[in-house]
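Enquirer: If it helps, the file is called run.cif and holds mmCIF, C-alpha atoms (C1' of nucleotides):
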data_final
#
loop_
_atom_site.label_atom_id
_atom_site.label_comp_id
_atom_site.auth_asym_id
_atom_site.auth_seq_id
_atom_site.Cartn_x
_atom_site.Cartn_y
_atom_site.Cartn_z
CA MET R 1 44.34 77.39 3.50
CA ASP R 2 45.35 74.73 5.96
CA ALA R 3 42.67 72.60 4.45
CA ARG R 4 44.18 72.93 1.03
CA ALA R 5 47.68 72.37 2.32
CA LYS R 6 46.60 69.11 3.85
CA GLY R 7 45.29 67.95 0.51
CA GLY R 8 42.29 69.77 -0.91
CA ARG R 9 41.40 67.42 -3.69
CA LYS R 10 37.92 67.94 -5.01
CA ALA R 11 36.29 64.90 -3.45
CA ALA R 12 38.68 63.88 -0.71
CA ALA R 13 38.15 61.14 1.82
CA PRO R 14 35.37 61.95 4.26
CA PRO R 15 36.76 64.10 7.04
CA THR R 16 36.62 62.58 10.48
CA SER R 17 34.55 64.46 13.01
CA GLN R 18 37.89 65.54 14.47
CA ASP R 19 38.72 67.20 11.17
CA LEU R 20 35.27 68.49 10.44
CA TRP R 21 34.63 70.35 13.63
CA PRO R 22 37.57 72.74 13.29
CA LEU R 23 36.13 73.65 9.93
CA VAL R 24 32.80 74.44 11.53
CA ILE R 25 34.63 76.57 14.08
CA GLU R 26 36.60 78.37 11.43
CA PHE R 27 33.42 78.98 9.55
CA THR R 28 31.48 80.39 12.45
CA LEU R 29 34.32 82.56 13.68
CA SER R 30 34.78 83.97 10.22
CA GLN R 31 31.17 85.12 10.24
CA ARG R 32 32.11 87.73 12.84
CA ALA R 33 33.88 89.90 10.27
CA TRP R 34 31.06 89.44 7.80
CA TRP R 35 28.38 90.48 10.28
CA ILE R 36 30.32 93.51 11.47
CA GLY R 37 30.83 94.61 7.89
CA LEU R 38 27.17 94.17 7.04
CA CYS R 39 25.98 96.14 10.05
CA THR R 40 28.49 98.89 9.33
CA GLU R 41 26.87 99.40 5.95
CA PHE R 42 23.73 100.35 7.83
CA ASP R 43 25.57 102.49 10.36
CA LEU R 44 24.92 99.97 13.06
CA THR R 45 27.35 98.30 15.41
CA ALA R 46 27.28 94.52 15.51
CA MET R 47 25.32 94.60 18.74
CA GLN R 48 22.82 97.13 17.49
CA GLY R 49 22.35 94.91 14.48
CA HIS R 50 21.72 91.89 16.66
CA THR R 51 19.25 93.89 18.68
CA LEU R 52 17.29 95.07 15.68
CA ARG R 53 17.34 91.54 14.34
CA MET R 54 15.91 90.18 17.58
CA LEU R 55 13.08 92.68 17.86
CA ASP R 56 9.88 91.67 16.14
CA PRO R 57 8.04 94.73 14.80
CA LYS R 58 4.79 92.89 15.35
CA LYS R 59 5.48 91.89 18.95
CA PRO R 60 7.13 94.27 21.44
CA VAL R 61 9.20 92.64 24.17
CA ALA R 62 10.43 93.74 27.57
CA MET R 63 13.99 94.92 28.09
CA SER R 64 14.75 91.91 30.24
CA ALA R 65 13.51 89.54 27.56
CA LEU R 66 15.79 91.22 25.06
CA ALA R 67 18.71 90.84 27.46
CA ASP R 68 18.00 87.12 27.52
CA SER R 69 17.90 86.95 23.73
CA LEU R 70 21.19 88.76 23.43
CA VAL R 71 22.71 86.71 26.24
CA CYS R 72 23.95 89.80 28.00
CA ASP R 73 23.35 91.77 31.14
CA ALA R 74 20.15 93.79 31.48
CA SER R 75 22.16 96.88 32.34
CA ASN R 76 23.90 96.53 29.04
CA VAL R 77 20.66 96.62 27.13
CA THR R 78 19.84 100.05 28.50
CA GLY R 79 22.70 101.68 26.62
CA ILE R 80 22.16 99.80 23.40
CA VAL R 81 18.46 100.61 23.40
CA ASP R 82 19.29 104.24 24.19
CA LYS R 83 21.28 104.52 21.00
CA LEU R 84 18.70 102.85 18.79
CA GLU R 85 15.97 104.95 20.34
CA SER R 86 17.90 108.18 19.81
CA ARG R 87 18.04 107.28 16.14
CA GLY R 88 14.31 106.76 16.12
CA LEU R 89 14.54 103.10 15.18
CA ILE R 90 12.80 101.74 18.25
CA GLU R 91 10.93 103.18 21.20
CA ARG R 92 10.22 102.34 24.80
CA LYS R 93 6.58 101.97 25.70
CA GLY R 94 5.00 101.27 29.06
CA ALA R 95 3.51 97.83 29.50
CA GLU R 96 -0.20 97.37 30.03
CA GLY R 97 -0.45 96.04 33.54
CA ASP R 98 3.02 96.59 34.99
CA ARG R 99 4.63 99.98 35.16
CA ARG R 100 8.04 98.56 35.96
CA ILE R 101 8.32 97.12 32.50
CA LYS R 102 9.34 98.95 29.32
CA MET R 103 8.26 97.30 26.14
CA LEU R 104 10.45 97.78 23.10
CA ALA R 105 8.65 98.55 19.86
CA VAL R 106 10.20 98.92 16.44
CA THR R 107 9.22 102.20 14.78
CA GLU R 108 8.24 102.45 11.15
CA LYS R 109 11.69 103.81 10.37
CA GLY R 110 13.22 100.96 12.32
CA ARG R 111 11.04 98.46 10.54
CA ARG R 112 12.27 99.63 7.16
CA LEU R 113 15.92 99.48 8.21
CA ARG R 114 15.38 96.09 9.81
CA GLU R 115 13.88 94.81 6.61
CA GLN R 116 16.82 95.96 4.53
CA LEU R 117 19.26 94.43 6.97
CA GLY R 118 17.27 91.23 6.98
CA ALA R 119 17.21 91.06 3.22
CA ARG R 120 20.98 91.32 3.10
CA THR R 121 21.46 88.92 6.00
CA MET R 122 19.22 86.27 4.62
CA ALA R 123 20.40 86.35 1.03
CA PRO R 124 21.83 82.86 0.76
CA PRO R 125 25.36 82.68 -0.61
CA ALA R 126 25.55 81.02 -4.00
CA ALA R 127 27.12 78.00 -2.33
CA VAL R 128 23.95 77.46 -0.33
CA ALA R 129 21.57 78.19 -3.16
CA ALA R 130 23.37 75.59 -5.24
CA LEU R 131 22.84 72.78 -2.76
CA SER R 132 20.61 69.88 -3.62
CA ALA R 133 17.39 69.44 -1.71
CA ASP R 134 18.91 66.48 0.04
CA SER R 135 22.00 68.39 1.12
CA ARG R 136 19.87 71.20 2.43
CA ARG R 137 17.81 68.83 4.50
CA ARG R 138 20.88 67.19 5.95
CA LEU R 139 22.57 70.44 6.75
CA ALA R 140 19.43 71.75 8.42
CA GLU R 141 19.20 68.62 10.55
CA ILE R 142 22.82 68.86 11.60
CA LEU R 143 22.64 72.51 12.55
CA ARG R 144 19.42 72.02 14.50
CA ALA R 145 20.95 69.12 16.38
CA ILE R 146 24.03 71.11 17.34
CA LEU R 147 21.92 74.09 18.36
CA ALA R 148 19.76 71.90 20.54
CA GLU R 149 22.82 70.35 22.12
CA ARG R 150 24.35 73.73 22.82
CA SER R 151 21.24 75.18 24.39
CA ALA R 152 20.84 72.06 26.51
CA ASP R 153 24.40 72.72 27.72
CA ARG R 154 23.47 76.26 28.64
CA MET R 155 20.55 75.09 30.73
CA ALA R 156 22.71 72.62 32.64
CA MET B 1 11.44 77.46 18.12
CA ASP B 2 10.11 79.12 15.02
CA ALA B 3 11.30 76.09 13.17
CA ARG B 4 9.23 73.85 15.35
CA ALA B 5 6.25 76.14 15.18
CA LYS B 6 6.38 75.97 11.41
CA GLY B 7 6.22 72.21 11.49
CA GLY B 8 9.24 70.43 12.92
CA ARG B 9 8.40 66.90 11.97
CA LYS B 10 11.34 64.58 12.15
CA ALA B 11 12.07 64.31 8.45
CA ALA B 12 10.34 67.32 7.02
CA ALA B 13 10.39 68.44 3.42
CA PRO B 14 13.82 69.70 2.41
CA PRO B 15 14.18 73.32 3.44
CA THR B 16 14.59 75.77 0.59
CA SER B 17 17.82 77.71 0.58
CA GLN B 18 15.69 80.64 1.73
CA ASP B 19 14.77 78.64 4.81
CA LEU B 20 18.13 77.06 5.35
CA TRP B 21 20.26 80.15 5.38
CA PRO B 22 18.52 81.79 8.33
CA LEU B 23 19.27 78.61 10.23
CA VAL B 24 22.94 78.90 9.36
CA ILE B 25 22.85 82.51 10.53
CA GLU B 26 21.14 81.60 13.76
CA PHE B 27 23.68 78.89 14.29
CA THR B 28 26.72 81.04 13.75
CA LEU B 29 25.40 83.93 15.79
CA SER B 30 24.65 81.58 18.65
CA GLN B 31 28.28 80.52 18.68
CA ARG B 32 29.19 83.94 20.04
CA ALA B 33 27.85 83.15 23.49
CA TRP B 34 29.47 79.74 23.43
CA TRP B 35 32.89 81.12 22.53
CA ILE B 36 32.73 83.87 25.14
CA GLY B 37 31.79 81.33 27.79
CA LEU B 38 34.57 79.00 26.82
CA CYS B 39 37.20 81.73 26.86
CA THR B 40 35.94 82.97 30.21
CA GLU B 41 36.68 79.57 31.69
CA PHE B 42 40.32 80.22 30.86
CA ASP B 43 40.23 83.82 32.09
CA LEU B 44 40.45 85.09 28.56
CA THR B 45 38.27 87.57 26.75
CA ALA B 46 36.83 86.46 23.44
CA MET B 47 39.40 88.49 21.58
CA GLN B 48 42.31 87.19 23.63
CA GLY B 49 41.03 83.71 22.90
CA HIS B 50 40.92 84.41 19.19
CA THR B 51 44.43 85.77 19.36
CA LEU B 52 45.85 82.76 21.14
CA ARG B 53 44.01 80.55 18.70
CA MET B 54 45.55 82.34 15.73
CA LEU B 55 49.12 82.21 16.99
CA ASP B 56 51.04 79.13 16.00
CA PRO B 57 53.56 78.17 18.70
CA LYS B 58 55.78 76.80 15.99
CA LYS B 59 55.69 79.83 13.76
CA PRO B 60 55.88 83.39 15.17
CA VAL B 61 54.11 86.06 13.15
CA ALA B 62 54.37 89.84 12.97
CA MET B 63 51.88 92.07 14.74
CA SER B 64 50.56 93.32 11.43
CA ALA B 65 49.96 89.77 10.20
CA LEU B 66 48.01 89.06 13.35
CA ALA B 67 45.94 92.18 12.79
CA ASP B 68 45.03 90.81 9.38
CA SER B 69 44.06 87.45 10.84
CA LEU B 70 41.87 89.08 13.44
CA VAL B 71 40.42 91.48 10.88
CA CYS B 72 41.08 94.45 13.10
CA ASP B 73 43.24 97.52 13.27
CA ALA B 74 46.94 97.16 14.00
CA SER B 75 46.68 99.63 16.86
CA ASN B 76 44.15 97.35 18.42
CA VAL B 77 46.52 94.44 18.45
CA THR B 78 48.99 96.35 20.57
CA GLY B 79 46.68 96.40 23.56
CA ILE B 80 45.53 92.82 23.20
CA VAL B 81 49.09 91.58 22.88
CA ASP B 82 50.06 93.70 25.89
CA LYS B 83 47.61 91.83 28.07
CA LEU B 84 48.60 88.40 26.87
CA GLU B 85 52.26 89.27 27.25
CA SER B 86 51.75 90.60 30.78
CA ARG B 87 50.30 87.21 31.64
CA GLY B 88 53.35 85.53 30.19
CA LEU B 89 51.39 83.70 27.50
CA ILE B 90 53.16 85.23 24.53
CA GLU B 91 56.16 87.46 23.98
CA ARG B 92 57.38 90.00 21.47
CA LYS B 93 60.66 89.22 19.75
CA GLY B 94 62.61 91.27 17.25
CA ALA B 95 62.58 89.95 13.71
CA GLU B 96 65.76 88.78 12.06
CA GLY B 97 66.34 91.25 9.29
CA ASP B 98 63.93 94.06 10.07
CA ARG B 99 64.03 95.92 13.33
CA ARG B 100 60.64 97.53 12.74
CA ILE B 101 58.89 94.22 13.11
CA LYS B 102 57.92 92.51 16.35
CA MET B 103 57.38 88.80 16.03
CA LEU B 104 54.85 87.22 18.37
CA ALA B 105 55.90 83.95 19.94
CA VAL B 106 53.81 81.74 22.19
CA THR B 107 55.58 80.94 25.45
CA GLU B 108 55.58 77.49 26.99
CA LYS B 109 52.92 78.62 29.45
CA GLY B 110 50.93 80.03 26.55
CA ARG B 111 51.35 76.86 24.57
CA ARG B 112 49.86 74.80 27.38
CA LEU B 113 46.90 77.12 27.80
CA ARG B 114 46.40 77.25 24.05
CA GLU B 115 46.35 73.49 23.93
CA GLN B 116 43.70 73.24 26.62
CA LEU B 117 41.59 75.86 24.91
CA GLY B 118 42.03 74.08 21.62
CA ALA B 119 41.03 70.76 23.10
CA ARG B 120 37.81 72.26 24.40
CA THR B 121 37.18 74.18 21.21
CA MET B 122 37.71 71.27 18.95
CA ALA B 123 35.78 68.68 20.89
CA PRO B 124 33.08 67.88 18.38
CA PRO B 125 29.55 68.04 19.75
CA ALA B 126 27.86 64.68 19.85
CA ALA B 127 25.69 65.79 16.94
CA VAL B 128 28.78 66.05 14.77
CA ALA B 129 30.44 62.90 16.01
CA ALA B 130 27.29 61.00 15.17
CA LEU B 131 27.30 62.01 11.52
CA SER B 132 27.88 59.47 8.82
CA ALA B 133 31.05 59.74 6.77
CA ASP B 134 28.97 60.89 3.86
CA SER B 135 27.30 63.64 5.83
CA ARG B 136 30.64 64.82 7.13
CA ARG B 137 32.04 65.05 3.64
CA ARG B 138 29.06 66.99 2.39
CA LEU B 139 29.09 69.37 5.30
CA ALA B 140 32.80 69.99 4.87
CA GLU B 141 32.32 70.75 1.19
CA ILE B 142 29.50 73.16 1.89
CA LEU B 143 31.38 75.05 4.56
CA ARG B 144 34.51 75.30 2.45
CA ALA B 145 32.50 76.61 -0.46
CA ILE B 146 30.84 79.31 1.63
CA LEU B 147 34.15 80.27 3.19
CA ALA B 148 35.75 80.59 -0.22
CA GLU B 149 32.85 82.69 -1.46
CA ARG B 150 33.04 84.99 1.55
CA SER B 151 36.76 85.54 1.28
CA ALA B 152 36.41 86.22 -2.42
CA ASP B 153 33.87 88.90 -1.49
CA ARG B 154 36.34 90.44 0.90
CA MET B 155 39.00 90.68 -1.77
CA ALA B 156 36.64 92.38 -4.20
"C1'" DT C 1 75.20 108.90 -0.33
"C1'" DG C 2 71.81 111.76 1.44
"C1'" DG C 3 67.10 112.42 1.57
"C1'" DC C 4 62.42 110.90 1.58
"C1'" DA C 5 58.48 108.10 1.13
"C1'" DA C 6 56.65 103.94 2.92
"C1'" DA C 7 56.11 100.26 6.38
"C1'" DG C 8 55.61 98.52 11.19
"C1'" DA C 9 54.42 99.43 15.73
"C1'" DT C 10 52.78 102.49 19.37
"C1'" DT C 11 50.13 106.22 21.58
"C1'" DG C 12 46.15 109.09 22.58
"C1'" DA C 13 41.41 110.43 22.11
"C1'" DA C 14 36.70 109.24 21.55
"C1'" DG C 15 33.05 106.03 21.30
"C1'" DT C 16 30.89 101.25 22.04
"C1'" DA C 17 30.38 96.99 24.93
"C1'" DG C 18 30.77 94.23 28.80
"C1'" DT C 19 30.51 93.17 33.99
"C1'" DC C 20 29.05 93.98 38.69
"C1'" DA C 21 27.06 96.50 42.54
"C1'" DA C 22 23.77 99.72 44.02
"C1'" DA C 23 19.74 102.44 43.65
"C1'" DG C 24 14.74 103.71 42.19
"C1'" DA C 25 10.29 102.47 41.00
"C1'" DT C 26 6.66 99.21 41.14
"C1'" DT C 27 4.41 95.01 42.25
"C1'" DG C 28 2.39 91.29 44.95
"C1'" DG C 29 1.79 88.69 48.80
"C1'" DA C 30 2.00 88.01 54.13
"C1'" DT A 1 0.79 98.03 55.72
"C1'" DC A 2 5.20 96.26 55.14
"C1'" DC A 3 8.61 93.77 52.80
"C1'" DA A 4 10.72 90.94 49.59
"C1'" DA A 5 11.01 90.33 44.73
"C1'" DT A 6 11.07 92.23 39.93
"C1'" DC A 7 12.37 95.47 36.23
"C1'" DT A 8 15.14 99.07 34.77
"C1'" DT A 9 18.62 102.43 35.28
"C1'" DT A 10 23.03 104.44 36.95
"C1'" DG A 11 27.88 104.43 38.10
"C1'" DA A 12 32.49 102.61 38.15
"C1'" DC A 13 35.66 99.93 35.77
"C1'" DT A 14 37.73 97.17 32.07
"C1'" DA A 15 38.03 95.77 27.28
"C1'" DC A 16 37.66 96.54 22.36
"C1'" DT A 17 37.43 99.53 18.24
"C1'" DT A 18 38.73 103.12 15.05
"C1'" DC A 19 41.18 107.03 13.61
"C1'" DA A 20 44.84 110.29 13.45
"C1'" DA A 21 49.39 111.28 14.88
"C1'" DT A 22 54.06 109.82 16.18
"C1'" DC A 23 58.42 107.19 16.16
"C1'" DT A 24 61.72 104.09 14.29
"C1'" DT A 25 63.46 101.69 10.62
"C1'" DT A 26 63.85 100.48 5.89
"C1'" DG A 27 64.47 100.82 0.92
"C1'" DC A 28 64.70 103.39 -3.00
"C1'" DC A 29 66.63 106.78 -6.11
"C1'" DA A 30 68.49 110.96 -7.69
#
As structure tokens, what does this structure read like?

Expert:
Amino acid sequence: MDARAKGGRKAAAPPTSQDLWPLVIEFTLSQRAWWIGLCTEFDLTAMQGHTLRMLDPKKPVAMSALADSLVCDASNVTGIVDKLESRGLIERKGAEGDRRIKMLAVTEKGRRLREQLGARTMAPPAAVAALSADSRRRLAEILRAILAERSADRMA
Amino acid sequence: MDARAKGGRKAAAPPTSQDLWPLVIEFTLSQRAWWIGLCTEFDLTAMQGHTLRMLDPKKPVAMSALADSLVCDASNVTGIVDKLESRGLIERKGAEGDRRIKMLAVTEKGRRLREQLGARTMAPPAAVAALSADSRRRLAEILRAILAERSADRMA
DNA sequence: TGGCAAAGATTGAAGTAGTCAAAGATTGGA
DNA sequence: TCCAATCTTTGACTACTTCAATCTTTGCCA
């Protein structure tokens, strides 16, 4: 709305990076509500949804690895996994060589739910589907660059 | 990493919208950790940060309006506002004509903190600053289109 | 004008997430 | 064998979330 107030003509002057970035921020922050709503449809919390999204049915991972993926404390993962396991969506399995480790495997039931969630998540909005091949390539490059920059920051 | 595994040559074939959208999702979900980290630097939780971000120092809003902005329950706002108020960052004020309403005003201390947070939030990553004017315009158009689509969904 | 429904904010209860510190189990190397 | 390191869990505490219930105030209307 601010954008329109400032002059939302169809093809306005190119925004400066100072103007563009707030739009990116607004966009990403607005995704929060969308993701929560989507997960709720599947009776999942946002975090449970993230967790299911991260787990690859074909490749079980350790709890600690999941904690890294979710960028949260290992102790936190215990509770989240508890809930998903009690619903029969995933299960803990002992690791081959190391009995300290619990590997997380997606059950068949979990796999089906995960697939449905994924289908809804990945359905591109019409605005994306309508992009030209060139626009898509550019957007992909930009997003990858920012992602790389961000994760470099995290390492530092 | 999957992207690279699949063939991350510098100027690859344009991604299909089926390929692009997951990247957008990955991007936005990754912002969660970034936002939490940023807010933590200012001793704010993510939600308190959102709240301060939403409040315009020049234009107080009602609690209920804030609840709408944050897409959360009104009862939730009470607690969040309590904490920010106890730190002297915002304050409740009675509305002119309606004594039911509490208007939220940003204090001078809050305004300064908000400004610092905003400066950090809005600092465009190098990847964005480096974009051509044309790329910036395209990206802005895309994001606005998706935002509009999403909010239309919410209304429906 | 007196009464009542609706609106705005708060409270309380219950559940989910998040951190940190400490403990238990297991491993691997000195 | 012993001991430090690793992986997971537990416990205590705070924050966020929703829902139902409450309280005040407002606005309508009979």

Enquirer: Would you mind listing what lies within 9 Å of Trp35 in chain B as JSON, numbers by chain, with all atoms listed in the file counted and same-chain residues fewer than 6 positions away left out?

Expert: {"B": [46, 49, 121]}

Enquirer: Report as a Markdown table: every residue of chain B with an atom at most 10 Å from chain C, its closest pair of atoms, and their distance in Å to one decimal, counting only C-alpha atoms (C1' of nucleotides), with rows sorted by chain and ascending residue number.

Expert:
| residue | atom | partner | partner_atom | distance |
| --- | --- | --- | --- | --- |
| B:Ala62 | CA | C:DG8 | C1' | 8.9 |
| B:Met63 | CA | C:DA9 | C1' | 7.8 |
| B:Ser64 | CA | C:DG8 | C1' | 7.3 |
| B:Ala74 | CA | C:DA9 | C1' | 8.0 |
| B:Ser75 | CA | C:DT10 | C1' | 7.2 |
| B:Val77 | CA | C:DA9 | C1' | 9.7 |
| B:Thr78 | CA | C:DT10 | C1' | 7.3 |
| B:Gly79 | CA | C:DT10 | C1' | 9.6 |
| B:Asp98 | CA | C:DG8 | C1' | 9.5 |
| B:Arg99 | CA | C:DG8 | C1' | 9.1 |
| B:Arg100 | CA | C:DG8 | C1' | 5.4 |
| B:Ile101 | CA | C:DG8 | C1' | 5.7 |
| B:Lys102 | CA | C:DA9 | C1' | 7.8 |

Enquirer: For the residues in that selection, give me C-alpha atoms as a PDB file, in the frame of the given file.

Expert:
ATOM      1  CA  ALA B  62      54.370  89.840  12.970  1.00  0.00           C
ATOM      2  CA  MET B  63      51.880  92.070  14.740  1.00  0.00           C
ATOM      3  CA  SER B  64      50.560  93.320  11.430  1.00  0.00           C
ATOM      4  CA  ALA B  74      46.940  97.160  14.000  1.00  0.00           C
ATOM      5  CA  SER B  75      46.680  99.630  16.860  1.00  0.00           C
ATOM      6  CA  VAL B  77      46.520  94.440  18.450  1.00  0.00           C
ATOM      7  CA  THR B  78      48.990  96.350  20.570  1.00  0.00           C
ATOM      8  CA  GLY B  79      46.680  96.400  23.560  1.00  0.00           C
ATOM      9  CA  ASP B  98      63.930  94.060  10.070  1.00  0.00           C
ATOM     10  CA  ARG B  99      64.030  95.920  13.330  1.00  0.00           C
ATOM     11  CA  ARG B 100      60.640  97.530  12.740  1.00  0.00           C
ATOM     12  CA  ILE B 101      58.890  94.220  13.110  1.00  0.00           C
ATOM     13  CA  LYS B 102      57.920  92.510  16.350  1.00  0.00           C
TER      14      LYS B 102
END

Enquirer: For CA of Ala127 in chain R and CA of Trp21 in chain B, quote the distance in Å rounded to one decimal.

Expert: 10.5 Å

Enquirer: Could you state the separation of CA of Arg53 in chain R and CA of Arg114 in chain R in Å, given to one decimal place?

Expert: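 Atom-to-atom, CA of Arg53 in chain R to CA of Arg114 in chain R, that is 6.7 Å.
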
Enquirer: Draw an axis-aligned box over all listed atoms of range 18-25 of chain C, pad each side with 8 Å, and write its centre and edge lengths in Å, one decimal, as JSON.

Expert:
{"center_x": 20.5, "center_y": 98.4, "center_z": 36.4, "size_x": 36.5, "size_y": 26.5, "size_z": 31.2}

Enquirer: How far is it from CA of Pro60 in chain R to CA of Leu23 in chain B, in Å with one decimal?

Expert: 22.8 Å

Enquirer: What does the PyMOL selection byres ((chain R) within 8 of (chain B)) select in this file, as a ChimeraX atom specification?

Expert: /R:13-18,20-25,27-31,33-34,71,121-129,131,133-140,142-147,149-150

Enquirer: Enumerate, in order of chain and increasing residue number, the residues of chain A with an atom no farther than 8 Å from chain R, each with its shortest atom pair and distance in Å to one decimal, counting all atoms listed in the file, as CSV.

Expert:
residue,atom,partner,partner_atom,distance
A:DC7,C1',R:Arg100,CA,5.3
A:DT8,C1',R:Arg100,CA,7.2
A:DT9,C1',R:Ser75,CA,7.2

Enquirer: Measuring atom to atom with all atoms listed in the file, identify which of R:Leu66, R:Thr107, R:Met54, R:Val61 is nearest to Ser86 in chain R.

Expert: R:Thr107
